[in-house]
Every structure is written in structure tokens, then in C-alpha cells.
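What follows is run-v9.txt (compact mmCIF, C-alpha atoms).
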```txt
# COMPACT_ATOMS: atom_id res chain seq x y z
CA MET A 278 8.80 -20.60 -14.82
CA LYS A 279 11.98 -18.74 -13.89
CA GLU A 280 12.76 -18.68 -10.19
CA THR A 281 12.34 -15.34 -8.47
CA HIS A 282 15.35 -14.43 -6.35
CA SER A 283 15.03 -12.49 -3.12
CA SER A 284 17.65 -10.44 -1.34
CA GLY A 285 17.90 -13.03 1.43
CA ASN A 286 16.66 -10.46 3.96
CA PRO A 287 12.87 -10.35 4.46
CA TYR A 288 12.99 -6.75 5.69
CA ILE A 289 14.86 -5.59 2.59
CA ASP A 290 12.36 -7.50 0.42
CA VAL A 291 9.48 -5.64 2.05
CA VAL A 292 11.21 -2.28 1.59
CA LEU A 293 11.85 -3.08 -2.08
CA TRP A 294 8.25 -4.08 -2.77
CA VAL A 295 7.00 -0.93 -1.03
CA TRP A 296 9.43 1.13 -3.10
CA PHE A 297 8.30 -0.50 -6.34
CA ALA A 298 4.66 0.14 -5.45
CA LEU A 299 5.32 3.80 -4.60
CA ALA A 300 7.35 4.28 -7.80
CA ALA A 301 4.52 2.79 -9.88
CA LEU A 302 1.93 5.03 -8.21
CA ALA A 303 4.15 8.10 -8.62
CA ALA A 304 4.70 7.34 -12.31
CA ALA A 305 0.97 6.81 -12.82
CA TYR A 306 0.22 10.19 -11.22
CA VAL A 307 2.80 11.99 -13.34
CA ALA A 308 1.57 10.26 -16.51
CA HIS A 309 -2.02 11.28 -15.78
CA ASP A 310 -1.02 14.84 -14.96
CA GLN A 311 1.13 15.15 -18.07
CA PHE A 312 -1.13 13.53 -20.65
CA LYS A 313 -4.63 14.13 -19.25
CA ALA A 314 -4.68 17.09 -16.88
CA ARG A 315 -2.41 19.48 -18.79
CA LEU A 316 -4.10 20.70 -21.95
CA GLU A 317 -1.50 23.03 -23.43
CA PRO A 318 -1.61 24.47 -26.97
CA MET A 319 1.53 22.57 -28.03
CA GLU A 320 0.58 19.29 -26.41
CA ASN A 321 0.67 17.46 -29.74
CA SER A 322 4.18 18.58 -30.66
CA VAL A 323 6.90 15.92 -30.71
CA ALA A 324 9.08 17.93 -28.32
CA THR A 325 6.33 18.28 -25.73
CA LYS A 326 5.38 14.61 -25.90
CA THR A 327 9.03 13.57 -25.56
CA MET A 328 9.49 15.80 -22.52
CA ARG A 329 6.36 14.37 -20.93
CA TRP A 330 7.56 10.83 -21.48
CA GLY A 331 10.86 11.87 -19.95
CA TRP A 332 9.08 12.83 -16.74
CA VAL A 333 7.14 9.57 -16.66
CA LEU A 334 10.27 7.47 -17.18
CA ILE A 335 12.41 9.34 -14.66
CA THR A 336 9.64 9.01 -12.08
CA LEU A 337 9.43 5.28 -12.76
CA TYR A 338 13.19 5.02 -12.18
CA THR A 339 13.54 7.27 -9.12
CA GLY A 340 10.08 7.07 -7.57
CA VAL A 341 9.02 9.59 -4.95
CA PHE A 342 12.17 11.68 -5.42
CA ALA A 343 11.16 12.57 -8.97
CA LEU A 344 7.56 13.04 -7.85
CA CYS A 345 8.65 15.64 -5.28
CA ALA A 346 10.72 17.46 -7.91
CA TYR A 347 7.79 17.30 -10.34
CA TRP A 348 5.31 18.61 -7.77
CA PHE A 349 7.35 21.70 -6.88
CA LEU A 350 8.50 22.34 -10.44
CA HIS A 351 5.01 22.38 -11.97
CA ARG A 352 3.20 24.35 -9.30
CA THR A 353 3.96 27.69 -10.97
CA SER A 354 2.38 31.08 -11.29
CA ALA A 355 1.17 32.48 -14.60
CA GLU A 356 4.30 34.64 -14.90
CA GLU A 357 6.63 31.68 -14.35
CA ALA A 358 4.69 29.60 -16.86
CA LEU A 359 5.54 32.15 -19.57
CA GLU A 360 9.20 32.53 -18.59
CA PRO A 361 10.41 29.83 -16.15
CA PRO A 362 13.39 30.77 -13.95
CA LEU A 363 16.80 29.41 -14.87
CA TRP A 364 16.83 26.72 -12.17
CA LYS A 365 13.57 25.25 -13.46
CA GLN A 366 14.86 25.19 -17.01
CA THR A 367 17.97 23.43 -15.71
CA VAL A 368 15.90 20.75 -13.98
CA GLU A 369 13.81 20.16 -17.10
CA SER A 370 16.98 19.78 -19.18
CA THR A 371 18.44 17.36 -16.64
CA ILE A 372 15.25 15.29 -16.68
CA HIS A 373 15.25 14.63 -20.42
CA CYS A 374 19.02 13.97 -20.40
CA VAL A 375 18.87 11.40 -17.59
CA ALA A 376 15.65 9.82 -18.85
CA GLY A 377 17.18 9.14 -22.26
CA ASP A 378 20.52 7.88 -20.93
CA ALA A 379 18.94 5.67 -18.27
CA THR A 380 16.42 4.15 -20.67
CA GLY A 381 19.14 3.13 -23.10
CA ILE A 382 21.29 1.73 -20.29
CA LEU A 383 18.41 -0.34 -18.87
CA PHE A 384 17.57 -1.89 -22.24
CA ALA A 385 21.26 -2.66 -22.82
CA THR A 386 21.56 -4.22 -19.36
CA VAL A 387 18.67 -6.59 -20.03
CA VAL A 388 20.13 -7.65 -23.38
CA THR A 389 23.69 -8.15 -22.10
CA ILE A 390 22.53 -10.18 -19.09
CA TRP A 391 20.41 -12.34 -21.40
CA LEU A 392 23.42 -12.87 -23.70
CA GLY A 393 25.80 -13.42 -20.77
CA LEU A 394 28.38 -10.96 -22.09
CA PRO A 395 31.54 -10.12 -20.10
CA MET A 396 31.11 -7.20 -17.74
CA SER A 397 33.67 -5.08 -19.62
CA LEU A 398 31.66 -5.52 -22.84
CA GLU A 399 28.40 -4.83 -21.00
CA VAL A 400 29.72 -1.42 -19.94
CA ILE A 401 30.57 -0.56 -23.56
CA VAL A 402 27.15 -1.67 -24.83
CA GLU A 403 25.40 0.25 -22.06
CA TYR A 404 27.37 3.39 -22.89
CA LEU A 405 26.58 3.20 -26.61
CA ALA A 406 22.89 2.44 -26.03
CA GLY A 407 22.47 5.19 -23.44
CA PHE A 408 24.31 7.67 -25.65
CA ALA A 409 22.23 6.79 -28.71
CA VAL A 410 18.84 6.96 -26.99
CA GLY A 411 19.79 10.13 -25.13
CA LEU A 412 21.08 11.93 -28.22
CA PHE A 413 18.86 10.74 -31.07
CA VAL A 414 15.59 10.56 -29.12
CA PHE A 415 15.45 12.77 -26.04
CA GLN A 416 18.03 15.46 -26.81
CA ALA A 417 17.13 15.83 -30.47
CA LEU A 418 13.35 15.68 -30.20
CA CYS A 419 13.13 17.94 -27.14
CA MET A 420 15.37 20.61 -28.66
CA MET A 421 14.00 20.61 -32.22
CA PRO A 422 11.73 23.66 -31.72
CA SER A 423 14.74 25.79 -30.74
CA VAL A 424 16.71 24.92 -33.90
CA ASP A 425 14.12 25.64 -36.60
CA GLY A 426 12.86 22.06 -36.56
CA SER A 427 16.00 20.63 -38.22
CA TYR A 428 16.60 17.18 -36.70
CA TRP A 429 20.24 16.66 -37.77
CA ARG A 430 21.16 20.23 -36.92
CA VAL A 431 19.90 19.79 -33.38
CA VAL A 432 21.71 16.43 -33.11
CA LYS A 433 24.95 18.21 -33.99
CA SER A 434 24.29 21.09 -31.61
CA THR A 435 23.49 18.81 -28.64
CA LEU A 436 26.35 16.35 -29.20
CA LEU A 437 28.65 18.01 -26.66
CA ALA A 438 25.93 18.26 -24.00
CA GLN A 439 24.99 14.60 -24.50
CA THR A 440 28.64 13.53 -24.30
CA LEU A 441 29.12 15.34 -20.99
CA SER A 442 25.84 14.00 -19.62
CA MET A 443 26.56 10.40 -20.57
CA ASN A 444 30.15 10.47 -19.31
CA VAL A 445 29.10 11.82 -15.92
CA LEU A 446 26.32 9.24 -15.62
CA MET A 447 28.58 6.33 -16.55
CA ALA A 448 31.38 7.56 -14.31
CA GLY A 449 29.01 7.65 -11.35
CA SER A 450 27.63 4.19 -12.05
CA GLY A 451 31.15 2.83 -12.60
CA VAL A 452 32.33 4.13 -9.24
CA ALA A 453 29.26 2.65 -7.54
CA PHE A 454 29.81 -0.73 -9.22
CA ALA A 455 33.52 -0.80 -8.37
CA ALA A 456 32.79 0.09 -4.75
CA ARG A 457 30.20 -2.71 -4.51
CA TYR A 458 31.81 -5.52 -6.53
CA GLY A 459 35.30 -4.37 -7.50
CA ASP A 460 35.58 -6.71 -10.49
CA PHE A 461 34.78 -5.88 -14.12
CA SER A 462 35.95 -9.28 -15.39
CA MET A 463 32.77 -11.14 -14.37
CA ARG A 464 29.93 -11.78 -16.76
CA ALA A 465 26.75 -9.73 -16.86
CA GLY A 466 24.39 -10.86 -14.13
CA ASP A 467 27.13 -12.53 -12.05
CA GLN A 468 27.02 -9.69 -9.53
CA ARG A 469 23.72 -11.11 -8.27
CA MET A 470 25.34 -14.49 -7.66
CA THR A 471 28.29 -12.77 -5.99
CA ALA A 472 25.92 -10.96 -3.64
CA GLU A 473 24.05 -14.19 -2.85
CA SER A 474 27.36 -15.96 -2.17
CA SER A 475 28.41 -13.21 0.22
CA GLN A 476 25.09 -13.45 2.06
CA SER A 477 25.45 -17.23 2.38
CA HIS A 478 28.98 -16.82 3.71
CA GLU A 479 27.83 -14.29 6.31
CA ALA A 480 24.96 -16.56 7.34
CA ALA A 481 27.38 -19.47 7.79
CA LYS A 482 29.41 -17.41 10.23
```

Write-out of the structure in C-alpha cells:
Amino acid sequence: MKETHSSGNPYIDVVLWVWFALAALAAAYVAHDQFKARLEPMENSVATKTMRWGWVLITLYTGVFALCAYWFLHRTSAEEALEPPLWKQTVESTIHCVAGDATGILFATVVTIWLGLPMSLEVIVEYLAGFAVGLFVFQALCMMPSVDGSYWRVVKSTLLAQTLSMNVLMAGSGVAFAARYGDFSMRAGDQRMTAESSQSHEAAK
């Protein structure tokens, strides 16, 4: 059985486990509300199902923050349900963009760590996977009803939006990684060992 690594700080471990539990509960609530409680006429459409899965995934990734956004966004009046205000449409669009990009990046991260690829190559694989999942799954399927149901036409029409979305997401994660580790020459997964080494060095002091 593979050894489970801790952060080296029992308080941080507790916070992480509490966070994981809250994120799981939040995602379960959103999933139930999306797939069981909301019986809309178009609930069986591909676009609606994709959008609902986007909410579930983004809540799993960001926990109570997404739950708060979901709660306020979906507590609407009858008038708003027919024609949502611009800010709500913007949030919905952001949700399916980030959900697609993040899902592709997470799958790519698991694969590259398993293969032990160099960090520079991991970034490229993550970008391509996030871009592909975001464009061909979430962007295309969510926007199909607005482009006469033509899959490839909607892929073409959302290419620019997906490019901007993915570049912003990767730029933010790249800055965060550089600020934390500052070295893209290591292999995938080595950042954990670097963090453990730093903790051991601090403990020795």
C-alpha cells in the first residue's frame, strides 16, 4: 500500500481534512439540487446536463466558495428565471469555463506525476488537456443550443473565448507555482519532496 504523506503540521492536516469533508458535502448538495430537485423542461438536454456537471465539479474543487455562489445565484425570482441579469449569466459562463479547464488540468497532472515527466513538459500537457476538455466538452456542449445545434460551428465560435480563459488560468497557476517553488526544471511530483525537505530543514533549526 502506498504511503500517505502528511503536511508535517498536524494543525494543517486537520484543516485540510475538514476542508475536504466540507467540499464533499457541498458537492453532494449541489449535485442533489441540480439533478434531483430541479425539474426543468430542458433537463434532458446535453447543454443543461453539461452545465449541471460543471457546477458539481467546480464545487468539488472550490468547496464552500462555490456553494455560496451557487446558493445566491439560484435563489431567483420568476422574472429572473426567464431573463437572468447579465452578472448571473457571466457567472454561469465562468463556471463552465473553469470547470472544463480545471478538470483537464487535474487529469493531466495525475498522468504526468505517474509518468514522472519534467515539470516543463507537465505544464504543456496540462495546458493541452485543459484546453481540449474546456473547448470540446464544456464550451461546445453548453453553447450548442445558441448555435443551431451545430457542434463544430460552436467549437469554432468559442475558440477565442476558450483561448483567453485557458491562458488566464494557466498564467495564474504559473505565477503561483513560481512564487512557491521557483523552479520549472524539476520533475512532476518533486514539489512535494521539495516542500518536505524545507519542512525538515526548518525543524532541524

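Summary of the local environment: counting all atoms listed in the file, residues at most 8 Å from stretch 398-414 of chain A, other than itself and those fewer than 3 positions away along its chain, are His373, Cys374, Val375, Ala376, Gly377, Asp378, Ala379, Thr380, Gly381, Ile382, Leu383, Phe384, Ala385, Thr386, Thr389, Leu394, Pro395, Ala417, Leu418, Val432, Thr435, Leu436, Gln439, Thr440, Met443, Met447 and Ala465 of chain A.
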
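Across the structure, atom CA of A:Tyr428 and atom CA of A:Thr371 are spaced 20.1 Å apart.
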
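Here atom CA of A:Val431 is placed at a distance of 23.2 Å from atom CA of A:Pro362.
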
Checklist line | For atom CA of A:Phe297 and atom CA of A:Gly340, the interatomic separation in Å (one decimal) | finding: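 According to the coordinates, atom CA of A:Phe297 and atom CA of A:Gly340 are separated by 7.9 Å.
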
Item checked: Residue among A:Asp425, A:Glu369, A:Asp290, A:Glu360 lying closest to A:Met328, counting only C-alpha atoms ->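 Checking each of A:Asp425, A:Glu369, A:Asp290, A:Glu360 against A:Met328, counting only C-alpha atoms, the winner is A:Glu369.
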
Check: Any idea what's packed within 8 Å of A:Ala324, counting only C-alpha atoms, ignoring anything in its chain fewer than 2 positions away? Could you give it as a ChimeraX atom specification?
Finding: /A:322,326-328,418-422

Coordinates of box centre and edge lengths for stretch 419-435 of chain A, 3 Å on every side, axis-aligned, as AutoDock Vina command-line options:
```
--center_x 18.3 --center_y 21.1 --center_z -32.7 --size_x 19.2 --size_y 15.4 --size_z 17.1
```
